[in-house]
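Data block below; observations after.
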Amino acid sequence: MTEQAQYVPGPASGAQVQKGGDKWTLILVRQLRHSPEKVWEALTDPAQLREWAPFVVDGSLGTVGAVNMTWVGTPQPLETRVTRADAPRLLEYGDIRWELEAVGSGTRLTLWHSIDRRFISWGAAGWHICFDVLDRFLAGNPIGAITGVNAMKFNGWQRLVAEYAKQFGAETPGWSPPAAQPSPASTR
């Protein structure tokens with residue numbers, strides 16, 4: 001059995017939402033055992049992003065400017081502007097903001113992501129899984145990106161979505177995923 005096949009996400013934790021209008025802001029915090037510099041590279045380097053993130057990019061996110069970003073499940077890249085890149089502590093692009101804070105020998109990683117309120121629990125569950133995959137990747141035990149429809153088919157996905165929905169006082173989307181499709185990261 002592969003490492004990825006053995007993976008089961010832990011309980012929903014470290015998340016909150018700021019509610020307002022049709023888009024809510026997901027705030028997800030994770031303690032990582034890796035330096036801010038190492039985490040920064042994983043957040044900005046296209047090759048490292050392919051290992052854990054729900055998108056691929058055609059250039060570094062580590063400098064202000066435009067990149068083409070292709071989210072898993074979308075056929076067309078979107079031009080996305082990196083508006084802040086203060087290594088290794090603050091990164092902003094599109095509707096995403098990352099903060100990295102040195103804590104001991106590790107990093108407190110905080111994500112802010114504006115998401116359609118109807119899918120906020122999916123967003124939280126998806127980023128939760130991405131953070132788990134990121135932590136394993138940084139530790140030298142990569143299991144490969146688990147994103148989009150492939151994440152939805154994972155053992156524990158429905159539980160995780162329900163746990164986040166309950167925490168946020170949100171409804172779970174009433175939609176089942178189609179057959180798994182390869183993500184941009186898995187088609188390299």
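Labeling convention for the structure tokens: chains A, B, ... as they appear, residues from 1 per chain, ligands from 1 in order of appearance.
Near stretch 138-141 of chain A, within 8 Å and counting only C-alpha atoms, sit A:His34, A:Lys38, A:Val39, A:Ala42, A:Leu134; same-chain residues fewer than 4 positions away were not included.
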Output of the above residues as a JSON list (two decimals), in the first residue's frame, restricted to C-alpha atoms:
```
[["chain", "number", "residue", "atom", "x", "y", "z"],
["A", 34, "HIS", "CA", 10.35, 23.53, 9.45],
["A", 38, "LYS", "CA", 12.03, 26.26, 3.95],
["A", 39, "VAL", "CA", 8.26, 26.83, 4.12],
["A", 42, "ALA", "CA", 7.49, 25.44, -0.73],
["A", 134, "LEU", "CA", 2.97, 19.96, 2.65]]
```
Inset, instruction - Just the residues within 6 Å of stretch 55-66 of chain A, please, counting only C-alpha atoms, with nothing from its chain fewer than 6 positions along; format it as a list in words. - result: Thr44, Asp45, Pro46, Val72, Thr80, Arg81, Val82, Thr83, Arg84 and Ala85 of chain A
Inset, instruction - Tell me which of A:Arg50, A:Arg159, A:Pro88, A:Gly123 sits closest to A:Thr70, counting only C-alpha atoms. - result: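 Between A:Arg50, A:Arg159, A:Pro88, A:Gly123, the residue approaching A:Thr70 most closely is A:Arg50.
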If we count only C-alpha atoms, what is near A:Trp71 at a cut-off of 12 Å, once residues fewer than 5 positions away on the same chain are taken out, given as a short mmCIF file (atom, residue, chain, number, x, y, z; two decimals) with N, CA and C atoms, in the first residue's frame?
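Final output, selection.cif:
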```cif
data_model
loop_
_atom_site.label_atom_id
_atom_site.label_comp_id
_atom_site.auth_asym_id
_atom_site.auth_seq_id
_atom_site.Cartn_x
_atom_site.Cartn_y
_atom_site.Cartn_z
N LEU A 49 5.47 23.54 -5.31
CA LEU A 49 4.01 23.69 -5.26
C LEU A 49 3.31 22.49 -5.89
N ARG A 50 3.89 21.94 -6.96
CA ARG A 50 3.29 20.76 -7.63
C ARG A 50 3.17 19.57 -6.68
N ALA A 53 0.19 21.63 -3.53
CA ALA A 53 -0.81 22.69 -3.66
C ALA A 53 -1.93 22.31 -4.63
N PRO A 54 -3.09 22.99 -4.51
CA PRO A 54 -4.22 22.70 -5.40
C PRO A 54 -4.15 23.46 -6.73
N PHE A 55 -2.96 23.89 -7.11
CA PHE A 55 -2.75 24.62 -8.35
C PHE A 55 -1.30 24.45 -8.79
N VAL A 56 -1.07 24.78 -10.05
CA VAL A 56 0.30 24.88 -10.57
C VAL A 56 0.48 26.29 -11.11
N VAL A 57 1.72 26.76 -11.13
CA VAL A 57 2.04 28.10 -11.65
C VAL A 57 3.19 28.00 -12.64
N ASP A 58 3.27 28.99 -13.52
CA ASP A 58 4.32 28.98 -14.53
C ASP A 58 5.53 29.83 -14.14
N GLN A 76 -8.32 26.20 -17.83
CA GLN A 76 -7.57 27.37 -18.28
C GLN A 76 -6.80 28.02 -17.15
N PRO A 77 -5.56 28.42 -17.41
CA PRO A 77 -4.82 29.17 -16.40
C PRO A 77 -5.43 30.56 -16.23
N LEU A 78 -5.31 31.09 -15.03
CA LEU A 78 -5.75 32.45 -14.73
C LEU A 78 -4.53 33.30 -14.46
N GLU A 79 -4.49 34.48 -15.08
CA GLU A 79 -3.39 35.37 -14.74
C GLU A 79 -3.64 35.86 -13.32
N THR A 80 -2.66 35.65 -12.47
CA THR A 80 -2.76 35.99 -11.06
C THR A 80 -1.61 36.92 -10.71
N THR A 147 -5.59 16.61 -4.26
CA THR A 147 -6.37 17.81 -4.49
C THR A 147 -7.63 17.53 -5.30
N GLY A 148 -8.54 18.49 -5.29
CA GLY A 148 -9.73 18.43 -6.12
C GLY A 148 -10.55 17.17 -5.90
N VAL A 149 -11.04 16.61 -6.99
CA VAL A 149 -11.89 15.42 -6.93
C VAL A 149 -11.16 14.27 -6.25
N PRO A 182 -7.17 13.46 -13.26
CA PRO A 182 -5.79 13.81 -12.90
C PRO A 182 -5.68 15.30 -12.65
N SER A 183 -4.92 15.66 -11.63
CA SER A 183 -4.67 17.08 -11.35
C SER A 183 -3.52 17.54 -12.24
N PRO A 184 -3.38 18.87 -12.43
CA PRO A 184 -2.23 19.35 -13.22
C PRO A 184 -0.92 18.84 -12.65
N ALA A 185 -0.84 18.70 -11.34
CA ALA A 185 0.41 18.25 -10.72
C ALA A 185 0.71 16.79 -11.05
#
```
Legend entry - Counting only C-alpha atoms, the residue of A:Ser114, A:Phe154, A:Trp40, A:Ser121 that sits nearest A:Ala87: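 Among A:Ser114, A:Phe154, A:Trp40, A:Ser121, it is A:Trp40 that comes nearest to A:Ala87.
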Inset, instruction - Enter the distance from atom CA of A:Glu41 to atom CA of A:Asp95, in Å, rounded to one decimal. - result: 19.8 Å
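All residues of stretch 138-178 of chain A that DSSP, run on the backbone, classes as alpha helix (DSSP H) are Leu138, Gly148, Val149, Asn150, Ala151, Met152, Trp157, Gln158, Arg159, Leu160, Val161, Ala162, Glu163, Tyr164, Ala165, Lys166, Gln167 and Phe168 of chain A.
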Legend entry - Pick from A:Leu43, A:Ile120, A:Thr2, A:Phe137 nearest to A:Glu99, counting only C-alpha atoms: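 Of all the options, A:Leu43 lies closest to A:Glu99.
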Inset, instruction - For A:Tyr164, please output as a PyMOL selection string all residues within 7 Å (counting only C-alpha atoms; exclusion window: fewer than 4 positions along the same chain). - result: chain A and resi 12+121+124+160+168
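Note that the spacing between atom CA of A:Gly10 and atom CA of A:Leu100 amounts to 22.3 Å.
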Inset, instruction - Tell me which protein, DNA and RNA residues are within 8 Å of A:Ile129, counting only C-alpha atoms, leaving out same-chain ones fewer than 5 positions away, and put them as an MDAnalysis selection string. - result: chainID A and resid 9 146:147 151
Selected residues written out with C-alpha atoms, as an mmCIF file, in the first residue's frame:
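See result23.cif below for the written result:
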```cif
data_model
loop_
_atom_site.group_PDB
_atom_site.id
_atom_site.type_symbol
_atom_site.label_atom_id
_atom_site.label_comp_id
_atom_site.auth_asym_id
_atom_site.auth_seq_id
_atom_site.Cartn_x
_atom_site.Cartn_y
_atom_site.Cartn_z
ATOM 1 C CA PRO A 9 -6.729 13.331 7.513
ATOM 2 C CA ILE A 146 -4.093 15.197 -2.985
ATOM 3 C CA THR A 147 -6.374 17.811 -4.490
ATOM 4 C CA ALA A 151 -9.208 14.631 -2.321
#
```
Legend entry - Long-range neighbours of stretch 18-33 of chain A as a ChimeraX atom specification, 10 Å cut-off, only C-alpha atoms, 2 positions minimum in chain: /A:13-16,35-36,39,95-121,123-124,127-128,131-132,134-136,138-139,168
Legend entry - Selection: 8 Å around A:Trp122, only C-alpha atoms, excl. self and same-chain fewer than 3 positions, as a ChimeraX atom specification: /A:119,125-126,161,172-173
Output C-alpha atoms of each residue in that selection to a file, as a short mmCIF file (atom, residue, chain, number, x, y, z; two decimals), in the first residue's frame.
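Saved to part-v7.cif:
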```cif
data_model
loop_
_atom_site.label_atom_id
_atom_site.label_comp_id
_atom_site.auth_asym_id
_atom_site.auth_seq_id
_atom_site.Cartn_x
_atom_site.Cartn_y
_atom_site.Cartn_z
CA PHE A 119 -18.16 25.89 -0.31
CA ALA A 125 -11.09 20.40 4.16
CA GLY A 126 -9.08 20.80 0.96
CA VAL A 161 -16.14 18.58 5.54
CA THR A 172 -22.31 21.11 3.62
CA PRO A 173 -22.65 21.30 -0.17
#
```
Inset, instruction - Rank nothing, just name the residue among A:Ala170, A:Tyr93, A:Gln158, A:Val8 nearest to A:Val67, using only C-alpha atoms. - result: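 For A:Val67, the nearest of the candidates is A:Tyr93.
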Legend entry - Expected answer as a PyMOL selection string: strand (DSSP E) residues in stretch 7-149 of chain A: chain A and resi 15-18+23-32+55-57+65-71+78-86+90-93+96-103+106-116
Legend entry - Straight-line distance linking atom CA of A:Asn68 with atom CA of A:Gly144, stated in Å to one decimal: 21.7 Å
